[in-house]
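K.L.:
File structure_26.txt below, compact mmCIF, C-alpha atoms:
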```
# COMPACT_ATOMS: atom_id res chain seq x y z
CA MET A 5 25.25 -9.80 14.25
CA SER A 6 21.80 -8.24 13.90
CA LYS A 7 19.31 -8.23 16.74
CA ILE A 8 16.48 -10.73 16.87
CA ARG A 9 13.32 -8.99 15.69
CA VAL A 10 10.17 -9.52 17.76
CA VAL A 11 6.47 -8.65 17.47
CA VAL A 12 4.67 -8.46 20.82
CA ALA A 13 0.88 -8.77 21.12
CA ASP A 14 -1.15 -8.55 24.30
CA ASP A 15 -4.43 -6.76 24.94
CA GLU A 16 -3.11 -5.45 28.26
CA SER A 17 -0.95 -2.39 27.61
CA ILE A 18 1.01 -2.80 30.85
CA ILE A 19 2.03 -6.34 29.85
CA ARG A 20 3.06 -5.13 26.38
CA MET A 21 5.14 -2.31 27.86
CA ASP A 22 6.79 -4.57 30.45
CA LEU A 23 7.51 -7.23 27.88
CA THR A 24 8.91 -4.68 25.45
CA GLU A 25 11.22 -3.25 28.12
CA VAL A 26 12.42 -6.71 29.13
CA LEU A 27 13.10 -7.62 25.49
CA LYS A 28 14.95 -4.38 24.78
CA ALA A 29 17.06 -4.87 27.93
CA ALA A 30 17.89 -8.38 26.68
CA ASP A 31 19.02 -6.82 23.34
CA TYR A 32 16.04 -7.84 21.22
CA ASP A 33 14.53 -5.47 18.64
CA VAL A 34 10.79 -5.05 19.19
CA VAL A 35 9.58 -4.16 15.69
CA GLY A 36 5.88 -3.98 16.53
CA GLN A 37 3.33 -4.07 19.32
CA ALA A 38 -0.34 -4.97 19.01
CA ALA A 39 -3.36 -4.94 21.32
CA ASP A 40 -5.39 -7.44 19.29
CA GLY A 41 -4.89 -10.48 17.10
CA GLN A 42 -5.70 -8.78 13.79
CA ALA A 43 -3.14 -6.04 14.43
CA ALA A 44 -0.61 -8.70 15.46
CA LEU A 45 -1.18 -10.60 12.22
CA ALA A 46 -0.77 -7.37 10.21
CA LEU A 47 2.49 -6.56 12.03
CA ILE A 48 3.84 -10.07 11.46
CA ASN A 49 2.97 -9.83 7.76
CA GLU A 50 4.54 -6.38 7.51
CA HIS A 51 7.75 -6.93 9.49
CA ALA A 52 8.45 -10.68 9.06
CA PRO A 53 9.90 -10.89 12.60
CA ASP A 54 12.21 -13.62 13.86
CA VAL A 55 9.70 -14.46 16.58
CA ALA A 56 6.21 -13.41 17.70
CA ILE A 57 5.11 -13.30 21.32
CA LEU A 58 1.32 -13.53 21.49
CA ASP A 59 -1.17 -13.50 24.33
CA VAL A 60 -3.74 -16.30 24.19
CA LYS A 61 -6.77 -14.13 24.95
CA MET A 62 -6.96 -11.09 22.65
CA PRO A 63 -9.81 -9.34 20.84
CA LEU A 64 -10.63 -10.01 17.17
CA LEU A 65 -8.26 -12.99 16.81
CA ASP A 66 -6.79 -14.87 19.73
CA GLY A 67 -3.13 -15.83 19.94
CA ILE A 68 -3.81 -19.41 18.87
CA GLU A 69 -5.61 -18.26 15.71
CA VAL A 70 -2.74 -15.93 14.84
CA ALA A 71 -0.22 -18.71 15.54
CA ARG A 72 -2.11 -21.03 13.22
CA ALA A 73 -2.02 -18.37 10.46
CA VAL A 74 1.73 -17.72 10.70
CA ARG A 75 3.17 -21.05 11.81
CA GLU A 76 4.93 -21.66 8.49
CA ARG A 77 6.69 -18.29 8.61
CA VAL A 78 7.55 -17.36 12.18
CA PRO A 79 8.00 -19.14 15.51
CA VAL A 80 5.40 -18.18 18.11
CA VAL A 81 5.75 -17.99 21.88
CA LEU A 82 2.34 -17.97 23.51
CA LEU A 83 1.64 -15.99 26.70
CA THR A 84 -1.17 -16.96 28.99
CA ALA A 85 -2.42 -16.46 32.50
CA PHE A 86 -3.74 -20.01 32.29
CA GLY A 87 -1.85 -23.28 32.42
CA GLN A 88 -4.84 -25.35 31.32
CA SER A 89 -4.07 -28.51 29.40
CA GLU A 90 -6.81 -27.70 26.86
CA ILE A 91 -5.09 -24.43 25.90
CA VAL A 92 -1.70 -26.16 25.76
CA ALA A 93 -3.16 -28.82 23.43
CA GLN A 94 -4.71 -26.16 21.17
CA ALA A 95 -1.41 -24.24 21.12
CA THR A 96 0.51 -27.37 20.17
CA GLU A 97 -1.94 -28.16 17.38
CA ALA A 98 -1.60 -24.56 16.12
CA GLY A 99 2.18 -24.92 15.81
CA VAL A 100 3.18 -22.83 18.83
CA MET A 101 6.88 -23.30 19.56
CA GLY A 102 7.01 -21.88 23.11
CA TYR A 103 4.64 -21.33 26.00
CA LEU A 104 4.89 -18.94 28.96
CA VAL A 105 2.53 -18.66 31.91
CA LYS A 106 2.18 -15.16 33.41
CA PRO A 107 3.88 -13.82 35.46
CA PHE A 108 7.23 -14.60 33.87
CA SER A 109 10.83 -13.53 34.37
CA GLU A 110 13.31 -12.12 31.85
CA SER A 111 15.24 -15.39 31.86
CA GLU A 112 12.06 -17.36 31.12
CA ILE A 113 11.22 -15.05 28.20
CA VAL A 114 14.69 -15.29 26.70
CA ALA A 115 14.75 -19.08 27.16
CA ALA A 116 11.31 -19.46 25.56
CA ILE A 117 12.36 -17.32 22.58
CA GLU A 118 15.56 -19.25 22.02
CA VAL A 119 13.83 -22.64 22.38
CA ALA A 120 11.08 -21.53 19.98
CA ARG A 121 13.58 -20.29 17.41
CA GLY A 122 15.60 -23.52 17.69
CA ARG A 123 12.54 -25.74 17.35
CA PHE A 124 11.32 -23.67 14.40
CA ALA A 125 14.70 -23.97 12.66
CA ASP A 126 14.73 -27.74 13.26
CA LEU A 127 11.18 -28.09 11.93
CA ARG A 128 12.00 -26.02 8.87
CA ALA A 129 15.09 -28.15 8.18
CA LEU A 130 13.03 -31.34 8.49
CA THR A 131 10.38 -29.90 6.17
CA ASP A 132 13.05 -28.94 3.63
CA ASP A 133 14.55 -32.44 3.87
CA ARG A 134 11.12 -34.01 3.42
CA ASP A 135 10.35 -31.82 0.43
CA GLY A 136 13.75 -32.61 -1.09
CA LEU A 137 13.22 -36.33 -0.61
CA ALA A 138 9.74 -36.13 -2.13
CA LEU A 139 11.16 -34.30 -5.15
CA THR A 140 13.95 -36.86 -5.47
CA LEU A 141 11.45 -39.72 -5.30
CA GLU A 142 9.20 -38.05 -7.87
CA THR A 143 12.19 -37.49 -10.17
CA ARG A 144 13.24 -41.10 -9.71
CA LYS A 145 9.76 -42.31 -10.73
CA ILE A 146 9.80 -40.11 -13.85
CA LEU A 147 13.30 -41.32 -14.74
CA ASP A 148 12.29 -44.97 -14.27
CA ARG A 149 9.22 -44.46 -16.46
CA ALA A 150 11.32 -42.84 -19.20
CA LYS A 151 13.88 -45.66 -19.07
CA GLY A 152 11.07 -48.24 -19.19
CA LEU A 153 9.57 -46.60 -22.27
CA MET A 154 12.98 -46.46 -23.96
CA GLN A 155 13.51 -50.14 -23.20
CA GLN A 156 10.08 -51.05 -24.51
CA LYS A 157 9.84 -48.81 -27.58
CA MET A 158 13.49 -48.43 -28.56
CA ASN A 159 14.82 -51.87 -27.52
CA MET A 160 17.45 -50.32 -25.24
CA THR A 161 18.82 -51.87 -22.08
CA GLU A 162 18.19 -50.09 -18.81
CA PRO A 163 21.86 -48.98 -18.42
CA ASP A 164 21.95 -47.75 -22.04
CA ALA A 165 18.69 -45.80 -21.58
CA PHE A 166 20.05 -44.21 -18.41
CA ARG A 167 23.36 -43.25 -20.07
CA TRP A 168 21.45 -41.78 -23.03
CA ILE A 169 19.30 -39.65 -20.69
CA GLN A 170 22.37 -38.51 -18.75
CA LYS A 171 24.25 -37.55 -21.92
CA ALA A 172 21.22 -35.73 -23.35
CA ALA A 173 20.88 -33.78 -20.09
CA MET A 174 24.55 -32.76 -20.20
CA ASP A 175 24.43 -31.88 -23.90
CA ARG A 176 21.27 -29.81 -23.53
CA ARG A 177 22.35 -28.36 -20.17
CA VAL A 178 19.08 -29.32 -18.52
CA SER A 179 18.20 -31.65 -15.68
CA VAL A 180 17.85 -35.40 -16.08
CA ARG A 181 14.24 -34.95 -15.01
CA GLU A 182 13.54 -32.54 -17.88
CA VAL A 183 14.99 -35.00 -20.40
CA ALA A 184 13.00 -37.85 -18.86
CA GLU A 185 9.80 -35.80 -19.02
CA SER A 186 10.38 -34.98 -22.69
CA ILE A 187 11.05 -38.66 -23.46
CA ILE A 188 7.79 -39.64 -21.75
CA SER A 189 5.96 -36.96 -23.70
CA GLU A 190 7.45 -38.08 -27.03
CA LEU A 191 7.05 -41.81 -26.50
CA THR A 192 3.48 -41.71 -25.17
CA ARG A 193 1.97 -39.73 -28.02
```
Any chance you could put this one into structure tokens?
P.N.:
Amino acid sequence: MSKIRVVVADDESIIRMDLTEVLKAADYDVVGQAADGQAALALINEHAPDVAILDVKMPLLDGIEVARAVRERVPVVLLTAFGQSEIVAQATEAGVMGYLVKPFSESEIVAAIEVARGRFADLRALTDDRDGLALTLETRKILDRAKGLMQQKMNMTEPDAFRWIQKAAMDRRVSVREVAESIISELTR
């Protein structure tokens, strides 16, 4: 099994070095380190890590801005010296999956990474399910419209129209949706 790939970003070099050592000792692969938010974003874009650990307060872009920019692609664990509710709310809104208040232990880092990766995987699965359901609903609407047009313009029953669309899809080796779309196009000219 391959190691979990991590990008670490903190403007304090000692924190970056400590964090990198802790991660390496815990068998993570640190693929990049950054001292500012722009460099962190570039490293995330370049390496597509499994997780990014970002400090809240960094030059150029802060950790929350970077998290907002990458939240669809990588889970983010946010590091902060502050436990303020305002920062936590901003982090949540930005899609941050984990939150650590400095100083932290190795076990807290590992736990935060694993929780963030699990939450990210769950969110991605829900998003995929939602997108699949939306596509299914859209296809169903197109199919119903095509059947309705066939009933209206070709005097077919609904079951006969559906069977005709299914057979045409099999014969042409295309999806039912594609057949339905071509029927709509032909019958609404």
K.L.:
Might you pull out every residue within 9 Å of Ala73 in chain A, with all atoms listed in the file counted and same-chain residues fewer than 5 positions away left off, and present them as a list in words?
P.N.:
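Listing them by chain and then by number gives Leu45, Ile68 and Ala98 of chain A.
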K.L.:
Determine the nearest neighbour of Gly67 in chain A from the options A:Val180, A:Leu23, A:Val100, A:Ala46, counting all atoms listed in the file.
P.N.:
A:Val100
K.L.:
Pick out the residues sitting within 12 Å of range 158-173 of chain A, and hand them over as a PDB file with C-alpha atoms, in the frame of the given file; count only C-alpha atoms, and ignore anything fewer than 2 positions along from it in its own chain.
P.N.:
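The result, written out as part-v2.pdb:
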```pdb
ATOM      1  CA  ARG A 144      13.240 -41.100  -9.710  1.00  0.00           C
ATOM      2  CA  ILE A 146       9.800 -40.110 -13.850  1.00  0.00           C
ATOM      3  CA  LEU A 147      13.300 -41.320 -14.740  1.00  0.00           C
ATOM      4  CA  ASP A 148      12.290 -44.970 -14.270  1.00  0.00           C
ATOM      5  CA  ARG A 149       9.220 -44.460 -16.460  1.00  0.00           C
ATOM      6  CA  ALA A 150      11.320 -42.840 -19.200  1.00  0.00           C
ATOM      7  CA  LYS A 151      13.880 -45.660 -19.070  1.00  0.00           C
ATOM      8  CA  GLY A 152      11.070 -48.240 -19.190  1.00  0.00           C
ATOM      9  CA  LEU A 153       9.570 -46.600 -22.270  1.00  0.00           C
ATOM     10  CA  MET A 154      12.980 -46.460 -23.960  1.00  0.00           C
ATOM     11  CA  GLN A 155      13.510 -50.140 -23.200  1.00  0.00           C
ATOM     12  CA  GLN A 156      10.080 -51.050 -24.510  1.00  0.00           C
ATOM     13  CA  ASP A 175      24.430 -31.880 -23.900  1.00  0.00           C
ATOM     14  CA  ARG A 176      21.270 -29.810 -23.530  1.00  0.00           C
ATOM     15  CA  ARG A 177      22.350 -28.360 -20.170  1.00  0.00           C
ATOM     16  CA  VAL A 178      19.080 -29.320 -18.520  1.00  0.00           C
ATOM     17  CA  SER A 179      18.200 -31.650 -15.680  1.00  0.00           C
ATOM     18  CA  VAL A 180      17.850 -35.400 -16.080  1.00  0.00           C
ATOM     19  CA  ARG A 181      14.240 -34.950 -15.010  1.00  0.00           C
ATOM     20  CA  GLU A 182      13.540 -32.540 -17.880  1.00  0.00           C
ATOM     21  CA  VAL A 183      14.990 -35.000 -20.400  1.00  0.00           C
ATOM     22  CA  ALA A 184      13.000 -37.850 -18.860  1.00  0.00           C
ATOM     23  CA  GLU A 185       9.800 -35.800 -19.020  1.00  0.00           C
ATOM     24  CA  SER A 186      10.380 -34.980 -22.690  1.00  0.00           C
ATOM     25  CA  ILE A 187      11.050 -38.660 -23.460  1.00  0.00           C
ATOM     26  CA  ILE A 188       7.790 -39.640 -21.750  1.00  0.00           C
ATOM     27  CA  LEU A 191       7.050 -41.810 -26.500  1.00  0.00           C
TER      28      LEU A 191
END
```
K.L.:
Calculate, to one decimal in Å, the centre and edge lengths of the box along x, y and z of the file that holds all listed atoms of range 45-55 of chain A with 5 Å of margin on each side, and present them as lines of an AutoDock Vina configuration file.
P.N.:
```
center_x = 5.5
center_y = -10.4
center_z = 12.0
size_x = 23.4
size_y = 18.1
size_z = 19.1
```
K.L.:
For the atom pair CA of Ala43 in chain A and CA of Lys106 in chain A, what is the interatomic distance in Å to one decimal place?
P.N.:
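Interatomic distance, CA of Ala43 in chain A to CA of Lys106 in chain A: 21.7 Å.
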K.L.:
So how many Å separate CA of Asp59 in chain A and CA of Thr84 in chain A, to one decimal?
P.N.:
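That distance, rounded to one decimal, is 5.8 Å.
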K.L.:
Write out as a PDB file with C-alpha atoms, in the frame of the given file which residues come within 12 Å of Arg72 in chain A when counting all atoms listed in the file, dropping same-chain ones fewer than 6 positions away.
P.N.:
```
ATOM      1  CA  GLY A  41      -4.890 -10.480  17.100  1.00  0.00           C
ATOM      2  CA  LEU A  45      -1.180 -10.600  12.220  1.00  0.00           C
ATOM      3  CA  LEU A  58       1.320 -13.530  21.490  1.00  0.00           C
ATOM      4  CA  LEU A  65      -8.260 -12.990  16.810  1.00  0.00           C
ATOM      5  CA  ASP A  66      -6.790 -14.870  19.730  1.00  0.00           C
ATOM      6  CA  VAL A  78       7.550 -17.360  12.180  1.00  0.00           C
ATOM      7  CA  PRO A  79       8.000 -19.140  15.510  1.00  0.00           C
ATOM      8  CA  VAL A  80       5.400 -18.180  18.110  1.00  0.00           C
ATOM      9  CA  LEU A  82       2.340 -17.970  23.510  1.00  0.00           C
ATOM     10  CA  GLN A  94      -4.710 -26.160  21.170  1.00  0.00           C
ATOM     11  CA  ALA A  95      -1.410 -24.240  21.120  1.00  0.00           C
ATOM     12  CA  THR A  96       0.510 -27.370  20.170  1.00  0.00           C
ATOM     13  CA  GLU A  97      -1.940 -28.160  17.380  1.00  0.00           C
ATOM     14  CA  ALA A  98      -1.600 -24.560  16.120  1.00  0.00           C
ATOM     15  CA  GLY A  99       2.180 -24.920  15.810  1.00  0.00           C
ATOM     16  CA  VAL A 100       3.180 -22.830  18.830  1.00  0.00           C
ATOM     17  CA  MET A 101       6.880 -23.300  19.560  1.00  0.00           C
TER      18      MET A 101
END
```
K.L.:
Report as a VMD selection string all protein, DNA and RNA residues lying within 12 Å of Val26 in chain A, evaluated on only C-alpha atoms, omitting residues in the same chain fewer than 3 positions from it.
P.N.:
chain A and resid 10 12 19 to 23 29 to 34 108 to 114
K.L.:
Could you dump the residues just selected with C-alpha atoms as a PDB file, in the frame of the given file?
P.N.:
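For reference, out.pdb as written:
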```
ATOM      1  CA  VAL A  10      10.170  -9.520  17.760  1.00  0.00           C
ATOM      2  CA  VAL A  12       4.670  -8.460  20.820  1.00  0.00           C
ATOM      3  CA  ILE A  19       2.030  -6.340  29.850  1.00  0.00           C
ATOM      4  CA  ARG A  20       3.060  -5.130  26.380  1.00  0.00           C
ATOM      5  CA  MET A  21       5.140  -2.310  27.860  1.00  0.00           C
ATOM      6  CA  ASP A  22       6.790  -4.570  30.450  1.00  0.00           C
ATOM      7  CA  LEU A  23       7.510  -7.230  27.880  1.00  0.00           C
ATOM      8  CA  ALA A  29      17.060  -4.870  27.930  1.00  0.00           C
ATOM      9  CA  ALA A  30      17.890  -8.380  26.680  1.00  0.00           C
ATOM     10  CA  ASP A  31      19.020  -6.820  23.340  1.00  0.00           C
ATOM     11  CA  TYR A  32      16.040  -7.840  21.220  1.00  0.00           C
ATOM     12  CA  ASP A  33      14.530  -5.470  18.640  1.00  0.00           C
ATOM     13  CA  VAL A  34      10.790  -5.050  19.190  1.00  0.00           C
ATOM     14  CA  PHE A 108       7.230 -14.600  33.870  1.00  0.00           C
ATOM     15  CA  SER A 109      10.830 -13.530  34.370  1.00  0.00           C
ATOM     16  CA  GLU A 110      13.310 -12.120  31.850  1.00  0.00           C
ATOM     17  CA  SER A 111      15.240 -15.390  31.860  1.00  0.00           C
ATOM     18  CA  GLU A 112      12.060 -17.360  31.120  1.00  0.00           C
ATOM     19  CA  ILE A 113      11.220 -15.050  28.200  1.00  0.00           C
ATOM     20  CA  VAL A 114      14.690 -15.290  26.700  1.00  0.00           C
TER      21      VAL A 114
END
```
K.L.:
Enter the distance from CA of Gly36 in chain A to CA of Glu76 in chain A, in Å, rounded to one decimal.
P.N.:
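Answer for the CA of Gly36 in chain A to CA of Glu76 in chain A separation: 19.4 Å.
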K.L.:
Give me the residues within 7 Å of Ala38 in chain A as a PyMOL selection string, counting all atoms listed in the file and dropping any in the same chain fewer than 6 places off.
P.N.:
chain A and resi 12-14+44
K.L.:
Here is a test: counting only C-alpha atoms, which residue of A:Arg121, A:Glu16, A:Glu142, A:Ala129 is nearest to Leu83 in chain A?
P.N.:
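The closest residue to Leu83 in chain A is A:Glu16.
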K.L.:
Pick from A:Lys28, A:Lys157, A:Arg134, A:Arg75: nearest to Ala120 in chain A, with all atoms listed in the file counted?
P.N.:
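For Ala120 in chain A, the nearest of the candidates is A:Arg75.
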K.L.:
Using the atoms already present, construct N, CA, C and O atoms for range 163-183 of chain A and hand them back as a PDB file, in the coordinates of the input.
P.N.:
```
ATOM      1  N   PRO A 163      20.652 -49.815 -18.552  1.00  0.00           N
ATOM      2  CA  PRO A 163      21.860 -48.980 -18.420  1.00  0.00           C
ATOM      3  C   PRO A 163      22.074 -48.063 -19.633  1.00  0.00           C
ATOM      4  O   PRO A 163      22.469 -46.909 -19.474  1.00  0.00           O
ATOM      5  N   ASP A 164      21.786 -48.583 -20.842  1.00  0.00           N
ATOM      6  CA  ASP A 164      21.950 -47.750 -22.040  1.00  0.00           C
ATOM      7  C   ASP A 164      20.946 -46.588 -22.039  1.00  0.00           C
ATOM      8  O   ASP A 164      21.296 -45.460 -22.406  1.00  0.00           O
ATOM      9  N   ALA A 165      19.715 -46.852 -21.639  1.00  0.00           N
ATOM     10  CA  ALA A 165      18.690 -45.800 -21.580  1.00  0.00           C
ATOM     11  C   ALA A 165      19.111 -44.732 -20.568  1.00  0.00           C
ATOM     12  O   ALA A 165      18.998 -43.532 -20.838  1.00  0.00           O
ATOM     13  N   PHE A 166      19.624 -45.170 -19.434  1.00  0.00           N
ATOM     14  CA  PHE A 166      20.050 -44.210 -18.410  1.00  0.00           C
ATOM     15  C   PHE A 166      21.221 -43.362 -18.913  1.00  0.00           C
ATOM     16  O   PHE A 166      21.218 -42.135 -18.756  1.00  0.00           O
ATOM     17  N   ARG A 167      22.213 -44.001 -19.538  1.00  0.00           N
ATOM     18  CA  ARG A 167      23.360 -43.250 -20.070  1.00  0.00           C
ATOM     19  C   ARG A 167      22.912 -42.264 -21.147  1.00  0.00           C
ATOM     20  O   ARG A 167      23.392 -41.133 -21.211  1.00  0.00           O
ATOM     21  N   TRP A 168      21.953 -42.665 -21.981  1.00  0.00           N
ATOM     22  CA  TRP A 168      21.450 -41.780 -23.030  1.00  0.00           C
ATOM     23  C   TRP A 168      20.785 -40.544 -22.411  1.00  0.00           C
ATOM     24  O   TRP A 168      21.011 -39.419 -22.838  1.00  0.00           O
ATOM     25  N   ILE A 169      19.976 -40.762 -21.374  1.00  0.00           N
ATOM     26  CA  ILE A 169      19.300 -39.650 -20.690  1.00  0.00           C
ATOM     27  C   ILE A 169      20.331 -38.725 -20.031  1.00  0.00           C
ATOM     28  O   ILE A 169      20.239 -37.493 -20.151  1.00  0.00           O
ATOM     29  N   GLN A 170      21.326 -39.322 -19.377  1.00  0.00           N
ATOM     30  CA  GLN A 170      22.370 -38.510 -18.750  1.00  0.00           C
ATOM     31  C   GLN A 170      23.107 -37.648 -19.764  1.00  0.00           C
ATOM     32  O   GLN A 170      23.323 -36.457 -19.554  1.00  0.00           O
ATOM     33  N   LYS A 171      23.501 -38.279 -20.877  1.00  0.00           N
ATOM     34  CA  LYS A 171      24.250 -37.550 -21.920  1.00  0.00           C
ATOM     35  C   LYS A 171      23.377 -36.445 -22.516  1.00  0.00           C
ATOM     36  O   LYS A 171      23.846 -35.318 -22.723  1.00  0.00           O
ATOM     37  N   ALA A 172      22.123 -36.747 -22.792  1.00  0.00           N
ATOM     38  CA  ALA A 172      21.220 -35.730 -23.350  1.00  0.00           C
ATOM     39  C   ALA A 172      21.072 -34.560 -22.379  1.00  0.00           C
ATOM     40  O   ALA A 172      21.044 -33.397 -22.799  1.00  0.00           O
ATOM     41  N   ALA A 173      21.000 -34.853 -21.088  1.00  0.00           N
ATOM     42  CA  ALA A 173      20.880 -33.780 -20.090  1.00  0.00           C
ATOM     43  C   ALA A 173      22.135 -32.908 -20.094  1.00  0.00           C
ATOM     44  O   ALA A 173      22.040 -31.675 -20.052  1.00  0.00           O
ATOM     45  N   MET A 174      23.300 -33.535 -20.169  1.00  0.00           N
ATOM     46  CA  MET A 174      24.550 -32.760 -20.200  1.00  0.00           C
ATOM     47  C   MET A 174      24.646 -31.952 -21.489  1.00  0.00           C
ATOM     48  O   MET A 174      25.004 -30.774 -21.462  1.00  0.00           O
ATOM     49  N   ASP A 175      24.339 -32.576 -22.611  1.00  0.00           N
ATOM     50  CA  ASP A 175      24.430 -31.880 -23.900  1.00  0.00           C
ATOM     51  C   ASP A 175      23.476 -30.693 -23.975  1.00  0.00           C
ATOM     52  O   ASP A 175      23.823 -29.642 -24.513  1.00  0.00           O
ATOM     53  N   ARG A 176      22.292 -30.865 -23.465  1.00  0.00           N
ATOM     54  CA  ARG A 176      21.270 -29.810 -23.530  1.00  0.00           C
ATOM     55  C   ARG A 176      21.370 -28.819 -22.354  1.00  0.00           C
ATOM     56  O   ARG A 176      20.656 -27.820 -22.339  1.00  0.00           O
ATOM     57  N   ARG A 177      22.195 -29.176 -21.386  1.00  0.00           N
ATOM     58  CA  ARG A 177      22.350 -28.360 -20.170  1.00  0.00           C
ATOM     59  C   ARG A 177      21.020 -28.176 -19.438  1.00  0.00           C
ATOM     60  O   ARG A 177      20.631 -27.074 -19.073  1.00  0.00           O
ATOM     61  N   VAL A 178      20.339 -29.288 -19.273  1.00  0.00           N
ATOM     62  CA  VAL A 178      19.080 -29.320 -18.520  1.00  0.00           C
ATOM     63  C   VAL A 178      19.173 -30.466 -17.530  1.00  0.00           C
ATOM     64  O   VAL A 178      20.097 -31.274 -17.565  1.00  0.00           O
ATOM     65  N   SER A 179      18.193 -30.579 -16.679  1.00  0.00           N
ATOM     66  CA  SER A 179      18.200 -31.650 -15.680  1.00  0.00           C
ATOM     67  C   SER A 179      17.817 -32.986 -16.316  1.00  0.00           C
ATOM     68  O   SER A 179      17.152 -33.043 -17.357  1.00  0.00           O
ATOM     69  N   VAL A 180      18.222 -34.048 -15.664  1.00  0.00           N
ATOM     70  CA  VAL A 180      17.850 -35.400 -16.080  1.00  0.00           C
ATOM     71  C   VAL A 180      16.333 -35.525 -16.075  1.00  0.00           C
ATOM     72  O   VAL A 180      15.741 -36.141 -16.965  1.00  0.00           O
ATOM     73  N   ARG A 181      15.698 -34.905 -15.097  1.00  0.00           N
ATOM     74  CA  ARG A 181      14.240 -34.950 -15.010  1.00  0.00           C
ATOM     75  C   ARG A 181      13.590 -34.338 -16.249  1.00  0.00           C
ATOM     76  O   ARG A 181      12.618 -34.884 -16.779  1.00  0.00           O
ATOM     77  N   GLU A 182      14.117 -33.195 -16.705  1.00  0.00           N
ATOM     78  CA  GLU A 182      13.540 -32.540 -17.880  1.00  0.00           C
ATOM     79  C   GLU A 182      13.671 -33.429 -19.120  1.00  0.00           C
ATOM     80  O   GLU A 182      12.737 -33.527 -19.924  1.00  0.00           O
ATOM     81  N   VAL A 183      14.812 -34.085 -19.263  1.00  0.00           N
ATOM     82  CA  VAL A 183      14.990 -35.000 -20.400  1.00  0.00           C
ATOM     83  C   VAL A 183      14.018 -36.159 -20.279  1.00  0.00           C
ATOM     84  O   VAL A 183      13.355 -36.537 -21.254  1.00  0.00           O
TER      85      VAL A 183
END
```
